[in-house]
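Report on the following structure.
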2 protein chains.
Amino acid sequence: MAAATIKDVAREAKVSVASVSRALNGGSGVTEATGQRIRAAAERLHYIPHAAARMLITRRTHTIGALLPDLYGEFFSELIRGIDLAARARGLHLLVSSSHDGVDEAAAAVRSMQGRVDGLLILSGRVDAAFLRANLPKELPVVLLNSAVKSPAYHVLNVNNHAGAVAMVRHLLQAGHADVALIAGPEGNFDARQREQGYREAMAKYAPGVALNIVAGDFTEESGHRAGRELLARKTRPQAVFAANDMMAVGCLGAFREAGVRVPRDIALAGFDDIPITRYVTPALSTVRVRIADFGRLALERLADLLEHPEQESPTADTLGFEIVERESCGANTPTGTAEVNAKSFQSKSSQLAARGGER
Amino acid sequence: MAAATIKDVAREAKVSVASVSRALNGGSGVTEATGQRIRAAAERLHYIPHAAARMLITRRTHTIGALLPDLYGEFFSELIRGIDLAARARGLHLLVSSSHDGVDEAAAAVRSMQGRVDGLLILSGRVDAAFLRANLPKELPVVLLNSAVKSPAYHVLNVNNHAGAVAMVRHLLQAGHADVALIAGPEGNFDARQREQGYREAMAKYAPGVALNIVAGDFTEESGHRAGRELLARKTRPQAVFAANDMMAVGCLGAFREAGVRVPRDIALAGFDDIPITRYVTPALSTVRVRIADFGRLALERLADLLEHPEQESPTADTLGFEIVERESCGANTPTGTAEVNAKSFQSKSSQLAARGGER
DNA sequence: AGCGCCCATGAAAACGTTTACGTTGGCGCC
DNA sequence: GGCGCCAACGTAAACGTTTTCATGGGCGCT
C-alpha cells in the first residue's frame with residue numbers, strides 16, 4: 001500500500017484535487033460541508049501531503065539549515081537546543097551540518113543545502129564576506145553567528161565578547177587584584193580576538209599604570225595548563241588571571257594546584273563561557289556566562305522574521321547579554337555560608353528580548 | 001536572476017534535458033565530448049539541481065531524521081556529532097528534531113518528518129512498539145537507539161547498560177569493597193532499569209551472601225546528593241557506592257564531602273557514562289565509559305545500510321562496547337605517579353565494527 | 001555493398017502538489 | 001422573467017527532475 005496522494009483523497013471525497021488542496025490548506029473557497037467531507041476522507045486514508053511536491057511548486061521548504069564548525073561539548077548542544085526549540089515553535093524543520101572546519105568543506109555543505117532550506121544559520125570562524133558572496137545565492141536569508149563579518153549585507157548576531165571581557169577584568173581589578181594577566185585564545189579566532197581586545201581596553205581604562213601581561217593559548221585545557229606554568233615562571237607573578245575561556249581556566253587551575261599555588265588565596269582566576277564544569281572544579285570558577293540556548297533561539301527567530309518579511313528589515317548586528325558569575329576562584333566576596341552564586345547581569349537590547357521570549 | 005534549471009543548461013549546451021540529466025548523474029549513455037560540454041555549461045550557469053524536483057521523481061530525499069528527547073549536555077552533542085560525521089561520509093543530510101518529551105509531541109514530530117526523510121533514528125525512552133506501528137509507515141527504515149522495544153520488526157542499537165553495570169560492580173567487589181550499594185535511576189527509564197538489573201545480577205553472582213542496598217534517584221545531581229545522605233544515614237554504611245549515572249555520582253560525592261566522609265578512603269564511588277565532569281571533580285570519578293559518538297555513527301551506518309539494501313538484513317538488536325575507567329574515586333589501584341587512567345575495554349561485536357569504521 | 005545492431009540522443013510521460021482560469025448554478029435585482 | 005454576479009467547484013498548467021521509449025545514424029559483418 002503506497003502512501004495516499006491528493007488524488008486518492010479527491011476520489012474518496014468525490015471532489016476534485018483542487019478542492020482537496022483548498023480544504024486542507026486555506027480552507028476558503030469550499031463549503032463547510034464539503035470541507036468536512038474532505039477532511040474526513042483525508043483522515044481515513046492517513047493522507048500526508050508529499051513534502052517534495054509541495055516544495056517544488058511552493059518554492060518553500062519550511063526548513064532552515066544550521067551550518068556549524070566541528071564543535072564539541074556543551075556549547076554545541078545548548079546552541080542546537082535553542083535553535084531547535086525556536087524552530088519547532090515556528091513550525092520549521094532543522095537541517096544541521098556540523099563537523100567541518102575547512103573552508104572548502106563548508107562550501108560543499110552550503111552548496112549541498114542549496115534548495116533544501118529557506119534560510120541559513122552560519123556559525124564559523126572561517127567564513128568571511130567573500131566566501132558568502134561566492135557560495136550563497138543572495139536571495140537566501142542568512143544569519144551569521146559570532147562572526148567577524150561586518151558587511152552591511154548580512155545579519156549578524158554575536159556573543160558580547162568584548163563587553164564580557166571588560167566587565168570581568170574590571171571586576172577582578174575592583175576586587176583588589178592590582179594586575180590581571182590574560183591567557184589569550186587562538187590566533188585567528190574571532191571570539192578570542194574580541195576578548196583580548198576587551199582585556200586590553202579594561203586594563204587601559206581601569207588600571208592605567210599596570211603593564212599588560214598576556215600569554216598565548218588556544219582554548220584547549222592543555223594550553224591553559226601550559227599558560228599557567230608559564231605565568232608562574234615569570235619574574236612578577238600576577239595577582240589575577242583571566243582566561244579567555246573556561247577550559248583554559250580549568251587547565252590553568254590544574255597547573256596552579258600542581259605548583260602548590262592556592263586559588264584564590266595566592267592568585268585569583270576567572271574564565272569565560274560558564275560551561276558546567278566550572279561549577280565542579282575546586283575552587284569553583286568565576287566566569288562570564290552567556291546564555292547559549294537563548295543565543296540559538298534569537299538567531300533562529302531573526303532568521304524566521306527574515307523569511308516572513310523578505311527585505312523589510314535592513315541587516316542588523318546585534319549582541320547578546322551576559323552575566324558575571326562570581327564563584328570562589330576570583331576571591332572577591334565568597335559568601336561564606338551560601339553555596340549560591342552571585343551573578344551580575346549585563347543585558348543588551350537583544351537579551352532583554354531574550355528574557356521576554358523566554359517566558360513561554 | 002532566478003536559479004538556473006536543467007533546461008537552461010540544456011539550451012546552453014545545445015542538447016536535450018535528458019542528456020543533461022544523464023551527463024550529470026550516471027555519466028553513461030552520453031559521449032565523453034558532449035558530457036564535457038554539458039558539465040561546462042552547468043558550471044558556467046552555476047547550476048544546482050532542484051532538490052525538491054529530484055525528490056519528487058526519485059522518491060529519495062537523501063536525508064535521515066533524528067528524533068531525540070529533550071536532551072542536555074555532552075551526551076546529546078556527542079551523539080549528534082557521531083551521527084553527523086557518518087551522515088556526511090555517506091552523503092546524507094541530517095534533519096534533527098529534539099526537544100520533545102511527550103509521546104504526542106514525538107508523534108507530531110514523526111508525522112511532520114514524513115516524506116522529508118528516507119529513514120529515522122529514534123532515541124526516546126517513551127516510544128514503544130505500539131507507538132511505532134501507529135505512527136510510522138512500515139516501509140520506512142528505522143533504527144531505535146537505547147530502546148526497550150524488543151519487537152523483531154525493528155532494528156535496535158543499545159548501550160550495553162547491563163554488561164557495563166555488571167563489570168563495574170564486579171570491579172568494585174574485586175577491589176575489596178565487600179558490599180556495594182546502588183543509586184538507581186528514574187523509575188520507568190530503560191537505561192536505569194538495565195543498569196539496576198546488572199547490579200542485581202553482579203551482586204548475586206560475585207557477592208552471593210551480601211544484602212542488596214538500593215536507594216532511589218532520578219539521574220539528576222540533586223537526587224544523587226539526597227541519595228548520598230540517605231546512604232550515610234543507614235545503620236550499616238556500604239563500602240562502595242555505584243551510581244547509575246555520573247551526575248548522581250557527582251551529587252553523591254558532594255553529600256559525602258559535606259558529611260566529612262572521604263572518597264575513596266572511607267567509601268568508594270563510581271558512576272556510569274564518563275561525562276567530562278568526572279575528570280574534574282576531586283577525587284576524579286571512576287566510571288563506565290560509553291563512546292557516544294561511535295554510538296551515533298554506528299546507528300547511522302546501520303540505517304544507511306538499511307536504505308541501500310531495503311529488506312535484505314533482518315532486524316538486529318546490537319549493543320555497544322564499553323570500558324571501565326578507573327580513576328581515583330573507586331580506590332582500586334590509584335597509580336600514584338601517573339595522572340593517566342586505567343581503562344579496561346569490553347568490546348562487543350558492534351564496537352569492533354566501530355573500531356574498524358573509525359579508521360578512515 | 002547491403003543488412004542489422006547498438007549507441008547516442010531526443011521527445012514525452014510521470015512524480016504530487018498548488019493555483020490561475022473556466023464553468024457551472026443559484027440568487028438578487030431591474 | 002431575464003440578466004448579471006458571485007461562490008463553489010473542476011480543469012489543466014506549471015514546478016524541475018528522471019526515465020522510458022522511440023529514432024536516427026554509424027559501423028561491423030557477411
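Scheme for the C-alpha cells: letters A, B, ... for chains in order shown; per-chain residue numbers from 1; ligand numbers from 1 in order shown.
Proximity to A:Arg81 at 8 Å, evaluated using only C-alpha atoms (C1' of nucleotides) and with sequence-adjacent residues fewer than 3 positions away removed, yields Ser77, Glu78, Asp84, Leu85, Ala293 and Gly296 of chain A; Tyr72, Ser98 and Ser99 of chain B.
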Store the residues picked out above, limited to N, CA and C atoms, as a tab-separated table (two decimals), in the first residue's frame.
```
chain	number	residue	atom	x	y	z
A	77	SER	N	25.65	21.71	22.08
A	77	SER	CA	24.35	21.14	22.37
A	77	SER	C	23.36	22.20	22.81
A	78	GLU	N	23.83	23.15	23.58
A	78	GLU	CA	22.93	24.20	24.02
A	78	GLU	C	22.46	25.05	22.84
A	84	ASP	N	16.60	24.55	17.91
A	84	ASP	CA	15.55	23.56	17.67
A	84	ASP	C	14.24	23.93	18.32
A	85	LEU	N	14.34	24.39	19.55
A	85	LEU	CA	13.14	24.79	20.28
A	85	LEU	C	12.41	25.89	19.53
A	293	ALA	N	21.59	28.85	24.77
A	293	ALA	CA	20.32	28.43	24.18
A	293	ALA	C	19.56	29.66	23.68
A	296	GLY	N	20.96	30.76	20.38
A	296	GLY	CA	20.42	29.98	19.27
A	296	GLY	C	18.99	30.38	18.94
B	72	TYR	N	20.03	17.28	27.31
B	72	TYR	CA	21.04	18.29	27.60
B	72	TYR	C	22.42	17.67	27.50
B	98	SER	N	14.82	17.50	18.22
B	98	SER	CA	14.96	17.10	19.62
B	98	SER	C	13.85	17.75	20.41
B	99	SER	N	14.09	17.95	21.65
B	99	SER	CA	13.17	18.72	22.49
B	99	SER	C	11.73	18.25	22.48
```
Practice prompt. Report as a ChimeraX atom specification the set of chain D residues whose atoms approach chain A to within 9 Å, with distances computed over only C-alpha atoms (C1' of nucleotides).
Written response: /D:7-10,14-16
Write the residues of the selection above to a file with C-alpha atoms (C1' of nucleotides), as a PDB file, in the first residue's frame.
```
ATOM      1  C1'  DA D   7     -19.483  31.476  -4.754  1.00  0.00           C
ATOM      2  C1'  DA D   8     -18.270  26.739  -5.335  1.00  0.00           C
ATOM      3  C1'  DC D   9     -16.047  23.697  -7.840  1.00  0.00           C
ATOM      4  C1'  DG D  10     -13.425  21.477 -11.784  1.00  0.00           C
ATOM      5  C1'  DA D  14       3.150  24.521 -14.036  1.00  0.00           C
ATOM      6  C1'  DC D  15       7.112  23.426 -10.900  1.00  0.00           C
ATOM      7  C1'  DG D  16      12.188  20.661 -12.323  1.00  0.00           C
TER       8       DG D  16
END
```
With only C-alpha atoms counted and 6 Å as the cut-off, give the residues of chain A in contact with chain B, each with its shortest interatomic distance in Å and the pair that gives it, as a Markdown table.
```
| residue | atom | partner | partner_atom | distance |
| --- | --- | --- | --- | --- |
| A:Ala51 | CA | B:Gly115 | CA | 5.8 |
| A:Ala52 | CA | B:Ala52 | CA | 4.8 |
| A:Ala53 | CA | B:Leu56 | CA | 5.7 |
| A:Met55 | CA | B:Ala52 | CA | 5.9 |
| A:Leu56 | CA | B:Ala52 | CA | 5.3 |
| A:Gly73 | CA | B:Glu74 | CA | 5.4 |
| A:Glu74 | CA | B:Gly73 | CA | 5.3 |
| A:Ser77 | CA | B:Ser77 | CA | 4.9 |
| A:Leu94 | CA | B:Leu95 | CA | 5.7 |
| A:Leu95 | CA | B:Leu95 | CA | 4.5 |
| A:Val96 | CA | B:Leu94 | CA | 5.8 |
| A:Gly115 | CA | B:Ala51 | CA | 5.8 |
| A:Ile277 | CA | B:Ile277 | CA | 5.8 |
| A:Tyr280 | CA | B:Val281 | CA | 5.8 |
| A:Val281 | CA | B:Val281 | CA | 5.6 |
```
Practice prompt. Calculate how many Å separate atom CA of A:His171 from atom CA of A:Gly251, rounding to one decimal.
Written response: 21.7 Å
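Our summary of the geometry notes that atom CA of A:Val290 is positioned 8.5 Å from atom CA of A:Asn160.
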Discussion item. Using only C-alpha atoms (C1' of nucleotides), which protein or nucleic acid residues come within 12 Å of B:Phe190? Drop anything in the same chain fewer than 6 positions from it, and give the result as a VMD selection string.
Written reply: chain B and resid 123 to 128 145 to 150 158 to 162 184 196 to 197 244
How would the residues just picked look written out with N, CA and C atoms as an mmCIF file, in the first residue's frame?
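What landed in selection.cif:
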```
data_model
loop_
_atom_site.group_PDB
_atom_site.id
_atom_site.type_symbol
_atom_site.label_atom_id
_atom_site.label_comp_id
_atom_site.auth_asym_id
_atom_site.auth_seq_id
_atom_site.Cartn_x
_atom_site.Cartn_y
_atom_site.Cartn_z
ATOM 1 N N LEU B 123 15.641 8.001 19.292
ATOM 2 C CA LEU B 123 16.109 7.796 20.663
ATOM 3 C C LEU B 123 15.066 8.379 21.575
ATOM 4 N N SER B 124 14.380 7.541 22.278
ATOM 5 C CA SER B 124 13.347 8.052 23.160
ATOM 6 C C SER B 124 12.929 6.978 24.136
ATOM 7 N N GLY B 125 12.918 7.338 25.382
ATOM 8 C CA GLY B 125 12.515 6.373 26.384
ATOM 9 C C GLY B 125 11.023 6.083 26.314
ATOM 10 N N ARG B 126 10.310 6.950 25.616
ATOM 11 C CA ARG B 126 8.857 6.870 25.687
ATOM 12 C C ARG B 126 8.212 5.999 24.602
ATOM 13 N N VAL B 127 8.830 5.938 23.471
ATOM 14 C CA VAL B 127 8.128 5.258 22.379
ATOM 15 C C VAL B 127 8.237 3.748 22.526
ATOM 16 N N ASP B 128 7.157 3.082 22.235
ATOM 17 C CA ASP B 128 7.156 1.626 22.269
ATOM 18 C C ASP B 128 6.686 1.087 20.923
ATOM 19 N N LEU B 145 17.397 3.687 19.117
ATOM 20 C CA LEU B 145 18.577 3.791 19.980
ATOM 21 C C LEU B 145 18.163 3.675 21.435
ATOM 22 N N ASN B 146 18.884 2.894 22.152
ATOM 23 C CA ASN B 146 18.611 2.741 23.581
ATOM 24 C C ASN B 146 17.129 2.550 23.845
ATOM 25 N N SER B 147 16.599 1.574 23.199
ATOM 26 C CA SER B 147 15.174 1.387 23.297
ATOM 27 C C SER B 147 14.840 0.049 23.931
ATOM 28 N N ALA B 148 13.745 0.046 24.658
ATOM 29 C CA ALA B 148 13.305 -1.182 25.302
ATOM 30 C C ALA B 148 12.562 -2.074 24.319
ATOM 31 N N VAL B 149 12.252 -1.517 23.159
ATOM 32 C CA VAL B 149 11.454 -2.267 22.195
ATOM 33 C C VAL B 149 12.196 -3.537 21.778
ATOM 34 N N LYS B 150 11.499 -4.631 21.919
ATOM 35 C CA LYS B 150 12.123 -5.911 21.620
ATOM 36 C C LYS B 150 11.547 -6.515 20.342
ATOM 37 N N ASN B 158 21.751 -0.608 21.238
ATOM 38 C CA ASN B 158 21.743 -0.181 22.636
ATOM 39 C C ASN B 158 23.134 -0.008 23.222
ATOM 40 N N VAL B 159 23.193 0.896 24.170
ATOM 41 C CA VAL B 159 24.374 0.953 25.020
ATOM 42 C C VAL B 159 24.320 -0.278 25.906
ATOM 43 N N ASN B 160 25.468 -0.863 26.182
ATOM 44 C CA ASN B 160 25.437 -2.092 26.954
ATOM 45 C C ASN B 160 25.338 -1.809 28.454
ATOM 46 N N ASN B 161 24.187 -1.321 28.832
ATOM 47 C CA ASN B 161 23.957 -0.945 30.215
ATOM 48 C C ASN B 161 24.188 -2.105 31.159
ATOM 49 N N HIS B 162 23.638 -3.215 30.773
ATOM 50 C CA HIS B 162 23.664 -4.370 31.649
ATOM 51 C C HIS B 162 25.097 -4.832 31.904
ATOM 52 N N ALA B 184 19.901 4.152 42.208
ATOM 53 C CA ALA B 184 19.185 3.771 40.994
ATOM 54 C C ALA B 184 18.749 4.995 40.199
ATOM 55 N N GLU B 196 20.287 -1.272 36.805
ATOM 56 C CA GLU B 196 19.916 -1.863 38.090
ATOM 57 C C GLU B 196 19.950 -3.381 37.990
ATOM 58 N N GLN B 197 19.431 -3.890 36.901
ATOM 59 C CA GLN B 197 19.431 -5.330 36.688
ATOM 60 C C GLN B 197 20.864 -5.864 36.730
ATOM 61 N N ALA B 244 23.981 5.043 39.205
ATOM 62 C CA ALA B 244 23.560 4.590 37.883
ATOM 63 C C ALA B 244 23.906 5.578 36.778
#
```
Worksheet item: How would you write, as a ChimeraX atom specification, the set of residues in stretch 180-231 of chain A that DSSP gives as alpha helix (DSSP H)?
Response: /A:190-206,221-231
May I have the residues from that selection written out with C-alpha atoms, as a PDB file, in the first residue's frame?
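The new file again.pdb reads:
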```
ATOM      1  CA  PHE A 190      37.109  35.926  16.308  1.00  0.00           C
ATOM      2  CA  ASP A 191      35.906  35.448  19.864  1.00  0.00           C
ATOM      3  CA  ALA A 192      39.455  35.247  21.121  1.00  0.00           C
ATOM      4  CA  ARG A 193      40.371  38.500  19.477  1.00  0.00           C
ATOM      5  CA  GLN A 194      37.403  40.345  20.881  1.00  0.00           C
ATOM      6  CA  ARG A 195      38.031  39.064  24.357  1.00  0.00           C
ATOM      7  CA  GLU A 196      41.636  40.084  24.221  1.00  0.00           C
ATOM      8  CA  GLN A 197      40.606  43.486  22.987  1.00  0.00           C
ATOM      9  CA  GLY A 198      38.261  43.786  25.940  1.00  0.00           C
ATOM     10  CA  TYR A 199      41.064  42.877  28.298  1.00  0.00           C
ATOM     11  CA  ARG A 200      43.338  45.486  26.799  1.00  0.00           C
ATOM     12  CA  GLU A 201      40.774  48.221  26.989  1.00  0.00           C
ATOM     13  CA  ALA A 202      39.689  47.408  30.513  1.00  0.00           C
ATOM     14  CA  MET A 203      43.288  47.426  31.691  1.00  0.00           C
ATOM     15  CA  ALA A 204      43.942  50.710  29.961  1.00  0.00           C
ATOM     16  CA  LYS A 205      40.889  52.251  31.466  1.00  0.00           C
ATOM     17  CA  TYR A 206      40.758  50.850  34.984  1.00  0.00           C
ATOM     18  CA  GLU A 221      42.638  22.726  28.541  1.00  0.00           C
ATOM     19  CA  GLU A 222      46.187  21.727  27.803  1.00  0.00           C
ATOM     20  CA  SER A 223      47.142  25.155  26.543  1.00  0.00           C
ATOM     21  CA  GLY A 224      45.681  26.608  29.718  1.00  0.00           C
ATOM     22  CA  HIS A 225      47.883  24.291  31.729  1.00  0.00           C
ATOM     23  CA  ARG A 226      50.957  25.402  29.842  1.00  0.00           C
ATOM     24  CA  ALA A 227      49.963  29.026  30.207  1.00  0.00           C
ATOM     25  CA  GLY A 228      49.534  28.590  33.955  1.00  0.00           C
ATOM     26  CA  ARG A 229      53.045  27.229  34.331  1.00  0.00           C
ATOM     27  CA  GLU A 230      54.404  29.966  32.159  1.00  0.00           C
ATOM     28  CA  LEU A 231      52.750  32.618  34.295  1.00  0.00           C
TER      29      LEU A 231
END
```
Worksheet entry | Residues of stretch 60-273 of chain B in strand (DSSP E), written as JSON, numbers by chain | {"B": [63, 64, 65, 66, 67, 93, 94, 95, 96, 97, 119, 120, 121, 122, 123, 142, 143, 144, 145, 155, 156, 157, 158, 159, 180, 181, 182, 183, 214, 215, 240, 241, 242, 243, 268, 269, 270]}
Would you save the residues from that selection as an mmCIF file, in the first residue's frame, using C-alpha atoms?
```cif
data_model
loop_
_atom_site.group_PDB
_atom_site.id
_atom_site.type_symbol
_atom_site.label_atom_id
_atom_site.label_comp_id
_atom_site.auth_asym_id
_atom_site.auth_seq_id
_atom_site.Cartn_x
_atom_site.Cartn_y
_atom_site.Cartn_z
ATOM 1 C CA THR B 63 18.073 12.817 4.300
ATOM 2 C CA ILE B 64 17.703 10.952 7.516
ATOM 3 C CA GLY B 65 15.825 12.214 10.520
ATOM 4 C CA ALA B 66 16.993 12.056 14.100
ATOM 5 C CA LEU B 67 14.281 12.049 16.707
ATOM 6 C CA HIS B 93 21.647 15.119 5.213
ATOM 7 C CA LEU B 94 20.577 15.227 8.796
ATOM 8 C CA LEU B 95 17.225 16.551 9.939
ATOM 9 C CA VAL B 96 17.107 16.773 13.703
ATOM 10 C CA SER B 97 14.186 17.127 15.971
ATOM 11 C CA GLY B 119 14.871 6.812 7.345
ATOM 12 C CA LEU B 120 14.630 7.584 11.004
ATOM 13 C CA LEU B 121 16.892 7.365 14.005
ATOM 14 C CA ILE B 122 14.835 7.330 17.162
ATOM 15 C CA LEU B 123 16.109 7.796 20.663
ATOM 16 C CA VAL B 142 14.041 2.890 11.401
ATOM 17 C CA VAL B 143 16.809 2.308 13.883
ATOM 18 C CA LEU B 144 15.948 2.560 17.542
ATOM 19 C CA LEU B 145 18.577 3.791 19.980
ATOM 20 C CA HIS B 155 16.398 -2.611 14.399
ATOM 21 C CA VAL B 156 17.746 -1.685 17.785
ATOM 22 C CA LEU B 157 21.114 -0.430 18.941
ATOM 23 C CA ASN B 158 21.743 -0.181 22.636
ATOM 24 C CA VAL B 159 24.374 0.953 25.020
ATOM 25 C CA VAL B 180 28.211 -2.251 47.092
ATOM 26 C CA ALA B 181 25.151 -0.008 47.207
ATOM 27 C CA LEU B 182 23.304 1.256 44.152
ATOM 28 C CA ILE B 183 21.856 4.668 43.496
ATOM 29 C CA ILE B 214 19.406 0.252 46.683
ATOM 30 C CA VAL B 215 18.422 3.869 47.067
ATOM 31 C CA ALA B 240 31.230 1.293 47.895
ATOM 32 C CA VAL B 241 28.517 3.130 46.012
ATOM 33 C CA PHE B 242 27.669 2.601 42.371
ATOM 34 C CA ALA B 243 25.598 5.432 40.969
ATOM 35 C CA ALA B 268 34.413 4.115 47.194
ATOM 36 C CA LEU B 269 32.290 5.664 44.468
ATOM 37 C CA ALA B 270 31.678 5.026 40.798
#
```
Worksheet item: If we count only C-alpha atoms (C1' of nucleotides), what is near stretch 1-3 of chain D at a cut-off of 12 Å, once residues fewer than 2 positions away on the same chain are taken out, given as JSON, numbers by chain?
Response: {"C": [27, 28, 29, 30], "D": [5]}
Practice prompt. Pull out every residue of chain C that has at least one atom within 7 Å of chain B, counting only C-alpha atoms (C1' of nucleotides), and report them as an NGL selection string.
Written response: :C and (8 or 10 or 15)
